[in-house]
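Chemist: Mind looking over this structure? Questions follow.
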Amino acid sequence: MLKINVDKSLFEDILLKKINILEKNISKYWQKELIEVEIIEDKIHYNIKKIKKINIINGLARNNPKLVIECKNIVYNTQNNTFEFYLGKILEQKNTHTQDYKDILIQELIHEKQELKDTMNRDHLTGVFNRRKMQKDLSMFIKQNNSHKLVAVFVDADRFKGINDNFGHDTGDRALVYLGSKLKKHAKLLNGEVYRYGGEEFILLCFVKKELVLKKLDTLRIDIKSQNIYHPNRAISMSVSIGVAFFNECESKDELIKKADKGVYKAKKNGRDRIEFG
């Protein structure tokens with residue numbers, strides 16, 4: 001039976017069925033093991049031997065694990081100059097600690113599922129959570145024991161259309177990424193999360209004492225203006241209008257968001273770059 005020695009990582013991938021093609025570079029050893037010469041009508045023909053089973057081992061491991069695995073086919077890949085072993089079902093296994101490998105696979109699957117879930121919940125441009133995640137979190141937050149401290153902060157970039165129209169959408173995207181990063185930074189200080197609501201609109205859902213909200217949000221407002229967005233023609237400054245609403249003054253989560261939005265409307269009407277309560 002043909003024996004192939006592989007490293008630990010590759011051995012685990014084969015055992016867990018993560019790969020079904022094993023590659024080996026062409027060498028004199030493999031040519032000797034796999035190529036058979038046949039003379040037909042005074043002509044030499046080179047054929048790849050038919051091998052039904054392969055013994056795969058991890059020779060450096062202390063317990064010397066091994067697999068006997070079905071070999072469906074062996075192909076010579078001319079482009080990569082490799083032999084490709086097409087692997088089938090595992091016929092025998094020894095010292096493989098199957099349960100440990102299953103646990104590893106389960107953990108990897110859980111991790112991949114969590115990564116996919118996180119990707120689905122985030123805005124692809126700014127990296128903050130999206131509106132879908134906001135709705136789910138909001139439904140959860142209003143049921144918590146500390147829901148009386150829940151604050152909705154609606155943040156809208158001022159004159160954002162002008163940035164897109166005058167400097168291009170690429171610059172507009174950079175401005176949104178910049179704004180998202182500032183909001184993420186201050187969301188931690190506000191004991192909350194930030195979400196992109198749509199376009200240049202963001203929402204912070206946070207748990208903070210009412211008497212501290214205005215001071216902390218004013219620090220956010222000033223911080224956003226502290227840096228400029230780069231553009232070859234000229235530096236671009238940003239400001240935001242902010243609306244605030246408190247859940248203990250609302251009858252529903254929908255009213256909470258509407259009141260925060262109303263606060264933004266007031267801020268725009270009263271000159272922008274300011275904070276208003278809904």
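Letters for chains follow the order of the structure tokens (A, B, ...), residue numbers begin at 1 for each chain, and ligand numbers begin at 1 in the order shown.
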Using only C-alpha atoms, which protein or nucleic acid residues come within 12 Å of segment 41-47 of chain A? Drop anything in the same chain fewer than 3 positions from it, and give the result as a PDB file with C-alpha atoms, in the first residue's frame.
Modeler:
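In the end it all went to part.pdb:
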```
ATOM      1  CA  GLN A  31       7.814   8.874 -10.543  1.00  0.00           C
ATOM      2  CA  LYS A  32       9.224   5.535  -9.415  1.00  0.00           C
ATOM      3  CA  GLU A  33       6.221   4.869  -7.152  1.00  0.00           C
ATOM      4  CA  LEU A  34       3.493   5.930  -9.548  1.00  0.00           C
ATOM      5  CA  ILE A  35       4.708   5.514 -13.124  1.00  0.00           C
ATOM      6  CA  GLU A  36       4.768   2.176 -14.883  1.00  0.00           C
ATOM      7  CA  VAL A  37       6.377   1.643 -18.257  1.00  0.00           C
ATOM      8  CA  GLU A  38       4.704  -0.425 -20.947  1.00  0.00           C
ATOM      9  CA  LYS A  50      -3.933   2.148 -10.362  1.00  0.00           C
ATOM     10  CA  ILE A  74      -4.404   9.757  -9.567  1.00  0.00           C
ATOM     11  CA  VAL A  75      -3.896  12.491 -12.135  1.00  0.00           C
ATOM     12  CA  TYR A  76      -0.766  14.213 -13.395  1.00  0.00           C
TER      13      TYR A  76
END
```
Chemist: Between segment 91-182 of chain A and segment 216-229 of chain A, at 12 Å or less, what are the per-residue closest atom pairs and their distances in Å? Count only C-alpha atoms, order by chain and rising residue number, and return it as CSV.
Modeler:
```
residue,atom,partner,partner_atom,distance
A:Val151,CA,A:Leu217,CA,11.5
A:Ala152,CA,A:Leu217,CA,11.6
A:Val153,CA,A:Leu217,CA,8.8
A:Phe154,CA,A:Leu217,CA,10.9
A:Val155,CA,A:Arg221,CA,9.5
A:Asp156,CA,A:Arg221,CA,11.0
A:Ala157,CA,A:Ile224,CA,10.0
A:Asp158,CA,A:Lys225,CA,11.2
A:Ile163,CA,A:Ile229,CA,10.1
A:Phe167,CA,A:Ile229,CA,10.8
A:Asp170,CA,A:Ile229,CA,11.3
A:Thr171,CA,A:Ile229,CA,7.8
A:Gly172,CA,A:Ile229,CA,9.2
A:Asp173,CA,A:Ile229,CA,10.4
A:Arg174,CA,A:Ile229,CA,7.3
A:Ala175,CA,A:Ile229,CA,6.2
A:Leu176,CA,A:Ile229,CA,9.9
A:Val177,CA,A:Ile229,CA,10.1
A:Tyr178,CA,A:Ile229,CA,7.8
A:Leu179,CA,A:Ile224,CA,7.0
A:Gly180,CA,A:Ile224,CA,10.0
A:Ser181,CA,A:Ile224,CA,9.7
A:Lys182,CA,A:Ile224,CA,6.6
```
Chemist: Generate the output file for the selected residues, N, CA and C atoms, as a PDB file, in the first residue's frame.
Modeler:
```pdb
ATOM      1  N   VAL A 151     -31.113  55.571  25.832  1.00  0.00           N
ATOM      2  CA  VAL A 151     -31.147  56.832  25.096  1.00  0.00           C
ATOM      3  C   VAL A 151     -30.908  56.552  23.618  1.00  0.00           C
ATOM      4  N   ALA A 152     -31.717  57.178  22.760  1.00  0.00           N
ATOM      5  CA  ALA A 152     -31.496  57.102  21.316  1.00  0.00           C
ATOM      6  C   ALA A 152     -30.908  58.430  20.846  1.00  0.00           C
ATOM      7  N   VAL A 153     -29.781  58.347  20.169  1.00  0.00           N
ATOM      8  CA  VAL A 153     -29.101  59.538  19.658  1.00  0.00           C
ATOM      9  C   VAL A 153     -29.061  59.450  18.143  1.00  0.00           C
ATOM     10  N   PHE A 154     -29.753  60.353  17.487  1.00  0.00           N
ATOM     11  CA  PHE A 154     -29.819  60.370  16.022  1.00  0.00           C
ATOM     12  C   PHE A 154     -28.781  61.371  15.521  1.00  0.00           C
ATOM     13  N   VAL A 155     -27.874  60.914  14.677  1.00  0.00           N
ATOM     14  CA  VAL A 155     -26.784  61.760  14.177  1.00  0.00           C
ATOM     15  C   VAL A 155     -26.888  61.866  12.659  1.00  0.00           C
ATOM     16  N   ASP A 156     -26.939  63.107  12.166  1.00  0.00           N
ATOM     17  CA  ASP A 156     -27.079  63.333  10.720  1.00  0.00           C
ATOM     18  C   ASP A 156     -25.982  64.299  10.268  1.00  0.00           C
ATOM     19  N   ALA A 157     -25.188  63.881   9.274  1.00  0.00           N
ATOM     20  CA  ALA A 157     -24.106  64.737   8.761  1.00  0.00           C
ATOM     21  C   ALA A 157     -24.696  65.975   8.091  1.00  0.00           C
ATOM     22  N   ASP A 158     -24.137  67.128   8.397  1.00  0.00           N
ATOM     23  CA  ASP A 158     -24.614  68.393   7.821  1.00  0.00           C
ATOM     24  C   ASP A 158     -24.087  68.582   6.399  1.00  0.00           C
ATOM     25  N   ILE A 163     -20.955  67.571  -0.195  1.00  0.00           N
ATOM     26  CA  ILE A 163     -19.678  66.854  -0.285  1.00  0.00           C
ATOM     27  C   ILE A 163     -19.684  65.926  -1.494  1.00  0.00           C
ATOM     28  N   PHE A 167     -17.248  67.134  -4.462  1.00  0.00           N
ATOM     29  CA  PHE A 167     -15.966  66.428  -4.349  1.00  0.00           C
ATOM     30  C   PHE A 167     -16.025  64.966  -4.802  1.00  0.00           C
ATOM     31  N   ASP A 170     -16.519  59.190  -3.915  1.00  0.00           N
ATOM     32  CA  ASP A 170     -15.403  58.556  -3.205  1.00  0.00           C
ATOM     33  C   ASP A 170     -15.051  59.348  -1.944  1.00  0.00           C
ATOM     34  N   THR A 171     -15.044  60.676  -2.086  1.00  0.00           N
ATOM     35  CA  THR A 171     -14.786  61.535  -0.931  1.00  0.00           C
ATOM     36  C   THR A 171     -15.927  61.427   0.067  1.00  0.00           C
ATOM     37  N   GLY A 172     -17.149  61.337  -0.455  1.00  0.00           N
ATOM     38  CA  GLY A 172     -18.300  61.153   0.415  1.00  0.00           C
ATOM     39  C   GLY A 172     -18.202  59.866   1.215  1.00  0.00           C
ATOM     40  N   ASP A 173     -17.727  58.807   0.566  1.00  0.00           N
ATOM     41  CA  ASP A 173     -17.548  57.530   1.273  1.00  0.00           C
ATOM     42  C   ASP A 173     -16.492  57.664   2.373  1.00  0.00           C
ATOM     43  N   ARG A 174     -15.404  58.370   2.069  1.00  0.00           N
ATOM     44  CA  ARG A 174     -14.358  58.570   3.080  1.00  0.00           C
ATOM     45  C   ARG A 174     -14.894  59.356   4.269  1.00  0.00           C
ATOM     46  N   ALA A 175     -15.759  60.318   3.967  1.00  0.00           N
ATOM     47  CA  ALA A 175     -16.365  61.107   5.037  1.00  0.00           C
ATOM     48  C   ALA A 175     -17.244  60.233   5.930  1.00  0.00           C
ATOM     49  N   LEU A 176     -17.981  59.305   5.335  1.00  0.00           N
ATOM     50  CA  LEU A 176     -18.833  58.402   6.118  1.00  0.00           C
ATOM     51  C   LEU A 176     -18.003  57.445   6.961  1.00  0.00           C
ATOM     52  N   VAL A 177     -16.900  56.963   6.401  1.00  0.00           N
ATOM     53  CA  VAL A 177     -16.008  56.082   7.155  1.00  0.00           C
ATOM     54  C   VAL A 177     -15.421  56.842   8.351  1.00  0.00           C
ATOM     55  N   TYR A 178     -15.019  58.086   8.108  1.00  0.00           N
ATOM     56  CA  TYR A 178     -14.482  58.934   9.182  1.00  0.00           C
ATOM     57  C   TYR A 178     -15.529  59.138  10.273  1.00  0.00           C
ATOM     58  N   LEU A 179     -16.748  59.461   9.865  1.00  0.00           N
ATOM     59  CA  LEU A 179     -17.822  59.698  10.825  1.00  0.00           C
ATOM     60  C   LEU A 179     -18.125  58.424  11.617  1.00  0.00           C
ATOM     61  N   GLY A 180     -18.153  57.288  10.918  1.00  0.00           N
ATOM     62  CA  GLY A 180     -18.404  56.016  11.584  1.00  0.00           C
ATOM     63  C   GLY A 180     -17.356  55.708  12.645  1.00  0.00           C
ATOM     64  N   SER A 181     -16.097  56.012  12.334  1.00  0.00           N
ATOM     65  CA  SER A 181     -15.014  55.732  13.295  1.00  0.00           C
ATOM     66  C   SER A 181     -15.134  56.616  14.537  1.00  0.00           C
ATOM     67  N   LYS A 182     -15.515  57.865  14.347  1.00  0.00           N
ATOM     68  CA  LYS A 182     -15.701  58.765  15.493  1.00  0.00           C
ATOM     69  C   LYS A 182     -16.863  58.289  16.361  1.00  0.00           C
TER      70      LYS A 182
END
```
Chemist: Counting only C-alpha atoms, which of A:Leu2, A:Leu150, A:Ala260, A:Ile236 gets nearest to Val208 of chain A?
Modeler: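 Of A:Leu2, A:Leu150, A:Ala260, A:Ile236, the one nearest Val208 of chain A is A:Leu150, counting only C-alpha atoms.
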Chemist: Write down as a PyMOL selection string the residues of segment 23-127 of chain A whose backbone DSSP state falls under strand (DSSP E or B).
Modeler: chain A and resi 23-25+35-40+43-48+53-57+66-77+82-94+122
Chemist: For the selection just defined, write its residues with N, CA and C atoms to a file, as a compact mmCIF listing (two decimals), in the first residue's frame.
Modeler:
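out.txt, freshly written:
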```txt
# COMPACT_ATOMS: atom_id res chain seq x y z
N GLU A 23 -2.01 16.80 -3.12
CA GLU A 23 -1.03 17.06 -4.17
C GLU A 23 0.38 16.71 -3.71
N LYS A 24 1.17 16.16 -4.64
CA LYS A 24 2.58 15.90 -4.40
C LYS A 24 3.38 16.34 -5.60
N ASN A 25 4.45 17.11 -5.34
CA ASN A 25 5.30 17.56 -6.44
C ASN A 25 6.00 16.38 -7.11
N ILE A 35 4.66 5.70 -11.67
CA ILE A 35 4.71 5.51 -13.12
C ILE A 35 5.13 4.08 -13.47
N GLU A 36 4.39 3.49 -14.36
CA GLU A 36 4.77 2.18 -14.88
C GLU A 36 4.98 2.29 -16.38
N VAL A 37 5.99 1.58 -16.84
CA VAL A 37 6.38 1.64 -18.26
C VAL A 37 5.83 0.42 -18.98
N GLU A 38 5.27 0.67 -20.15
CA GLU A 38 4.70 -0.42 -20.95
C GLU A 38 5.15 -0.25 -22.40
N ILE A 39 5.59 -1.35 -23.02
CA ILE A 39 6.01 -1.31 -24.43
C ILE A 39 4.91 -1.94 -25.28
N ILE A 40 4.37 -1.14 -26.17
CA ILE A 40 3.31 -1.62 -27.07
C ILE A 40 3.75 -1.30 -28.49
N LYS A 43 6.81 0.68 -28.95
CA LYS A 43 6.76 2.06 -28.46
C LYS A 43 6.60 2.05 -26.94
N ILE A 44 7.30 2.97 -26.31
CA ILE A 44 7.25 3.06 -24.85
C ILE A 44 6.07 3.94 -24.42
N HIS A 45 5.26 3.41 -23.50
CA HIS A 45 4.13 4.16 -22.95
C HIS A 45 4.30 4.28 -21.44
N TYR A 46 4.01 5.48 -20.93
CA TYR A 46 4.10 5.73 -19.50
C TYR A 46 2.67 5.89 -18.94
N ASN A 47 2.34 5.05 -17.98
CA ASN A 47 1.02 5.09 -17.37
C ASN A 47 1.12 5.28 -15.87
N ILE A 48 0.09 5.90 -15.30
CA ILE A 48 0.03 6.04 -13.84
C ILE A 48 -0.62 4.77 -13.27
N LYS A 53 -5.84 2.13 -2.43
CA LYS A 53 -5.78 2.61 -1.06
C LYS A 53 -4.48 3.37 -0.82
N ILE A 54 -4.54 4.33 0.07
CA ILE A 54 -3.35 5.08 0.47
C ILE A 54 -3.27 5.08 1.99
N ASN A 55 -2.10 4.87 2.50
CA ASN A 55 -1.86 4.96 3.94
C ASN A 55 -1.28 6.35 4.23
N ILE A 56 -2.06 7.19 4.89
CA ILE A 56 -1.63 8.55 5.20
C ILE A 56 -1.27 8.63 6.67
N ILE A 57 -0.06 9.10 6.95
CA ILE A 57 0.41 9.17 8.34
C ILE A 57 0.92 10.57 8.67
N LYS A 66 -2.65 7.50 11.85
CA LYS A 66 -2.64 7.14 10.44
C LYS A 66 -4.06 6.91 9.94
N LEU A 67 -4.20 7.03 8.63
CA LEU A 67 -5.47 6.79 7.95
C LEU A 67 -5.21 5.86 6.77
N VAL A 68 -6.13 4.94 6.56
CA VAL A 68 -6.17 4.21 5.31
C VAL A 68 -7.38 4.75 4.57
N ILE A 69 -7.11 5.34 3.42
CA ILE A 69 -8.16 6.06 2.71
C ILE A 69 -8.27 5.60 1.27
N GLU A 70 -9.46 5.59 0.76
CA GLU A 70 -9.72 5.16 -0.62
C GLU A 70 -9.09 6.15 -1.59
N CYS A 71 -8.47 5.64 -2.64
CA CYS A 71 -7.90 6.49 -3.70
C CYS A 71 -8.74 6.30 -4.96
N LYS A 72 -9.52 7.28 -5.29
CA LYS A 72 -10.41 7.18 -6.45
C LYS A 72 -9.67 7.30 -7.77
N ASN A 73 -8.64 8.14 -7.77
CA ASN A 73 -7.91 8.37 -9.03
C ASN A 73 -6.62 9.12 -8.73
N ILE A 74 -5.64 8.97 -9.64
CA ILE A 74 -4.40 9.76 -9.57
C ILE A 74 -4.20 10.41 -10.92
N VAL A 75 -4.01 11.72 -10.90
CA VAL A 75 -3.90 12.49 -12.13
C VAL A 75 -2.60 13.29 -12.12
N TYR A 76 -1.95 13.37 -13.26
CA TYR A 76 -0.77 14.21 -13.39
C TYR A 76 -1.20 15.58 -13.89
N ASN A 77 -0.99 16.61 -13.08
CA ASN A 77 -1.34 17.98 -13.44
C ASN A 77 -0.14 18.61 -14.13
N THR A 82 2.46 18.39 -10.76
CA THR A 82 2.17 17.64 -9.53
C THR A 82 1.33 16.41 -9.84
N PHE A 83 1.41 15.44 -8.94
CA PHE A 83 0.47 14.33 -8.94
C PHE A 83 -0.68 14.70 -8.00
N GLU A 84 -1.90 14.46 -8.46
CA GLU A 84 -3.07 14.76 -7.65
C GLU A 84 -3.76 13.45 -7.27
N PHE A 85 -3.87 13.22 -5.97
CA PHE A 85 -4.54 12.03 -5.46
C PHE A 85 -5.97 12.41 -5.07
N TYR A 86 -6.94 11.81 -5.74
CA TYR A 86 -8.33 12.08 -5.44
C TYR A 86 -8.79 11.11 -4.35
N LEU A 87 -9.08 11.67 -3.17
CA LEU A 87 -9.35 10.86 -2.01
C LEU A 87 -10.84 10.53 -1.86
N GLY A 88 -11.11 9.33 -1.40
CA GLY A 88 -12.48 8.91 -1.17
C GLY A 88 -12.76 8.76 0.31
N LYS A 89 -13.48 7.72 0.66
CA LYS A 89 -13.87 7.52 2.05
C LYS A 89 -12.72 6.95 2.87
N ILE A 90 -12.77 7.23 4.17
CA ILE A 90 -11.77 6.69 5.10
C ILE A 90 -12.14 5.24 5.43
N LEU A 91 -11.21 4.33 5.17
CA LEU A 91 -11.46 2.90 5.37
C LEU A 91 -11.03 2.45 6.77
N GLU A 92 -9.91 3.01 7.25
CA GLU A 92 -9.41 2.67 8.59
C GLU A 92 -8.76 3.92 9.19
N GLN A 93 -8.73 3.98 10.51
CA GLN A 93 -8.01 5.06 11.17
C GLN A 93 -7.48 4.57 12.51
N LYS A 94 -6.32 5.10 12.88
CA LYS A 94 -5.67 4.67 14.10
C LYS A 94 -5.05 5.87 14.80
N ARG A 122 -23.50 44.03 9.75
CA ARG A 122 -22.68 45.24 9.66
C ARG A 122 -22.84 45.95 8.31
```
Chemist: Looking at only C-alpha atoms, which of A:Asn130, A:Asn121, A:Gln114, A:Ser241 is the one that sits closest to Arg159 of chain A?
Modeler: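 Closest residue, counting only C-alpha atoms: A:Ser241.
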Chemist: Which residue out of A:Glu276, A:Glu12, A:Ser239, A:Cys206 has the minimum interatomic distance to Phe141 of chain A when only C-alpha atoms are used?
Modeler: A:Cys206
Chemist: If we count only C-alpha atoms, what is near Gly278 of chain A at a cut-off of 6 Å, once residues fewer than 5 positions away on the same chain are taken out, given as JSON, numbers by chain?
Modeler: {"A": [244, 245, 259, 260, 262, 263]}
Chemist: Kindly export the residues of the current selection with C-alpha atoms, as a compact mmCIF listing (two decimals), in the first residue's frame.
Modeler:
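See again.txt below for the written result:
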```txt
# COMPACT_ATOMS: atom_id res chain seq x y z
CA VAL A 244 -31.80 62.93 21.47
CA ALA A 245 -34.71 60.99 22.96
CA LYS A 259 -38.48 61.65 18.77
CA ALA A 260 -34.72 61.40 18.20
CA LYS A 262 -37.47 65.08 15.48
CA GLY A 263 -34.54 66.38 17.51
```
Chemist: Which is closer to Ser147 of chain A than all the others in A:Glu249, A:Glu112, A:Glu193, A:Asp7, using only C-alpha atoms?
Modeler: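 Nearest candidate to Ser147 of chain A out of A:Glu249, A:Glu112, A:Glu193, A:Asp7: A:Glu249.
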Chemist: I'd like the interatomic distance between atom CA of Phe247 of chain A and atom CA of Gln144 of chain A, to a tenth of an Å.
Modeler: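 Computed distance, atom CA of Phe247 of chain A to atom CA of Gln144 of chain A, equals 11.8 Å.
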Chemist: Counting only C-alpha atoms, which of A:Leu190, A:Leu205, A:Ile275, A:Val264 gets nearest to Met140 of chain A?
Modeler: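 Residue with the minimum atom-to-atom distance to Met140 of chain A: A:Leu205.
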Chemist: If you run DSSP on the backbone here, which positions in segment 62-204 of chain A get helix (DSSP H, G or I)? Please write them as a count of residues only.
Modeler: 66
Chemist: Separation of atom CA of Ile21 of chain A and atom CA of Ile4 of chain A, in Å?
Modeler: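 Computed distance, atom CA of Ile21 of chain A to atom CA of Ile4 of chain A, equals 13.1 Å.
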Chemist: To one decimal in Å, tell me the separation between atom CA of Lys52 of chain A and atom CA of Asn5 of chain A.
Modeler: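 Separating atom CA of Lys52 of chain A from atom CA of Asn5 of chain A is a distance of 17.3 Å.
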